[in-house]
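Report on the structure given below.
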Amino acid sequence: MIRTNLFDPTDSRKIIRRSGRYALLEFERDISVSPHTAETAYFASKMNVRKRQVIATLNNDGGVILQSGAMQMIAGDIRVATNIRGAGDLMKKLIGGKATGETAVKPRYEGQGLLVLEPTYRYILFEDLSDWGGNMVIEDGMFLACDDTLDIKVSARSTLSSAVLGNEGLFNTMLTGSGVAVLESPVPAEELFIVDLKDDTVKIDGNMAIAWSNTLEFTVERTTKTLIGSAASGEGFVNVFRGTGRLLIAPVASNPGISVPDKK
């Protein structure tokens, strides 16, 4: 039997969100600081710059796949295995990892107990793939963990223009199946725009989309029918998503100039 105060709120930390087997522990203020760093830590916490940890509870009811190196602590009878099913599968994952920038080997944890991930200052998203129609494509570096009922694949661009002009690369990580994905977002959920499309179109000036349904067609197009018109509008090329599906858009993080006042 294991007893722990991980889920008990204290003056410095508390559970702020749950989804499926996952809980998000947030340190509201960092009190393990020196007198020289206390002021910085205080104002950082006021701006939501805080350490966060994901805790997964396993009850012999399926496993969890982690980004390599993300585990901090295991409490209980939890077994670890790689997600490699042979030499051919290893080669396939190495190629896919090289293309997306993700680690090729992602360990799988199963059994009964608690799985605690390393703390991070990035923002954590719990995404249930039932809200995405069973599939989602994510930006490189966002994957942290997921239920082992999800498949992790490589999604290739359907057109060269979307890769070259869209600043998104040729390949991305795609999650398919039923379950919850844990993602590291560059911005908090409160700043994200969620856009659901049904046989419609969204045009974005820049690579602000951090996740989207694989059912959406992604292209890069001019804002007007002519190059002169696009130049006159000041917009040039835009990323275009068509069809039926969902988008997550991080407008502020992808446009750092927005928050910078004009210099006089």
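Identifiers in this document derive from the order of the structure tokens: chains are assigned A, B, ..., residues are numbered from 1 separately in each chain, and ligands are numbered from 1 in order of occurrence.
Residues in contact with Thr173 of chain A at 6 Å, where only C-alpha atoms are counted and same-chain residues fewer than 5 positions away are skipped, are listed as Val137, Ile138, Lys153, Val154 and Ser155 of chain A.
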Could you please take those selected residues and save N, CA, C and O atoms as a JSON list (two decimals), in the first residue's frame?
```
[["chain", "number", "residue", "atom", "x", "y", "z"],
["A", 137, "VAL", "N", -3.13, 16.29, -35.25],
["A", 137, "VAL", "CA", -1.74, 16.53, -35.62],
["A", 137, "VAL", "C", -1.22, 17.64, -34.70],
["A", 137, "VAL", "O", -1.91, 18.63, -34.47],
["A", 138, "ILE", "N", 0.00, 17.45, -34.15],
["A", 138, "ILE", "CA", 0.54, 18.43, -33.22],
["A", 138, "ILE", "C", 1.89, 18.94, -33.70],
["A", 138, "ILE", "O", 2.60, 18.27, -34.46],
["A", 153, "LYS", "N", 1.93, 8.38, -34.82],
["A", 153, "LYS", "CA", 2.37, 8.21, -36.20],
["A", 153, "LYS", "C", 3.03, 9.49, -36.71],
["A", 153, "LYS", "O", 3.08, 10.50, -36.01],
["A", 154, "VAL", "N", 3.51, 9.42, -37.93],
["A", 154, "VAL", "CA", 4.08, 10.58, -38.61],
["A", 154, "VAL", "C", 3.13, 11.02, -39.71],
["A", 154, "VAL", "O", 2.70, 10.20, -40.53],
["A", 155, "SER", "N", 2.77, 12.30, -39.70],
["A", 155, "SER", "CA", 1.90, 12.87, -40.71],
["A", 155, "SER", "C", 2.73, 13.71, -41.68],
["A", 155, "SER", "O", 3.45, 14.61, -41.26]]
```
Give me the residues near Cys146 of chain A as a PyMOL selection string, where near means some atom within 9 Å (using only C-alpha atoms) and where sequence neighbours in that chain fewer than 6 positions away do not count. chain A and resi 63-66+179-183
Identify, on the basis of only C-alpha atoms, every residue whose closest approach to segment 68-75 of chain A does not exceed 6 Å; exclude the query and any residue fewer than 4 positions from it along the same chain; express the result as a VMD selection string. chain A and resid 106 113 to 118
Hey, can you spit out that residue selection with C-alpha atoms as a JSON list (two decimals), in the first residue's frame?
```
[["chain", "number", "residue", "atom", "x", "y", "z"],
["A", 106, "LYS", "CA", 8.88, 6.28, -26.05],
["A", 113, "GLY", "CA", 0.56, 2.79, -8.87],
["A", 114, "LEU", "CA", 1.49, 6.41, -9.54],
["A", 115, "LEU", "CA", 3.62, 7.75, -12.36],
["A", 116, "VAL", "CA", 4.99, 11.25, -11.71],
["A", 117, "LEU", "CA", 6.49, 13.24, -14.57],
["A", 118, "GLU", "CA", 9.31, 15.76, -14.44]]
```
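Coordinates place atom CA of Asn207 of chain A at a distance of 13.3 Å from atom CA of Asn172 of chain A.
Atom pair atom CA of Thr219 of chain A / atom CA of Val202 of chain A: separated by 10.7 Å.
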Determine which residues of segment 24-224 of chain A DSSP labels as strand (DSSP E or B) from the backbone of this structure, then write them out as a ChimeraX atom specification. /A:24-27,52-59,64-66,71-81,108-117,120,123-128,135-138,143-147,150-156,171-177,180-185,193-204,209-212,217-222
Enumerate the residues of segment 112-253 of chain A with a DSSP assignment of alpha helix (DSSP H), computed from the backbone, and present them as a PyMOL selection string. chain A and resi 160-164+227-233
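Distances to Phe241 of chain A were evaluated for A:Arg18, A:Arg222, A:Lys203, A:Arg29 using only C-alpha atoms, and the minimum falls at A:Lys203.
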For segment 243-253 of chain A, please output as JSON, numbers by chain all residues within 10 Å (counting only C-alpha atoms; exclusion window: fewer than 2 positions along the same chain). {"A": [131, 132, 133, 135, 136, 137, 138, 185, 186, 187, 188, 189, 191, 192, 193, 194, 195, 196, 197, 198, 199, 200, 201, 202, 204, 205, 206, 207, 208, 209, 210, 211, 212, 213, 214, 215, 216, 217, 218, 241, 255, 256, 257, 258, 259]}
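Shortest atom-to-atom contact with Phe27 of chain A among A:Gly76, A:Gly111, A:Gly62, A:Pro119: A:Pro119, counting only C-alpha atoms.
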Atom CA of Glu190 of chain A to atom CA of Arg21 of chain A, straight-line distance in Å: 22.4 Å
Using only C-alpha atoms for the distances, tell me which of A:Arg13, A:Gly134, A:Asp30, A:Met142 is nearest to Lys46 of chain A. A:Asp30
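Among the candidates A:Val33, A:Asp8, A:Asp147, A:Arg122, the residue lying nearest to Asn48 of chain A is A:Arg122 (atoms considered: only C-alpha atoms).
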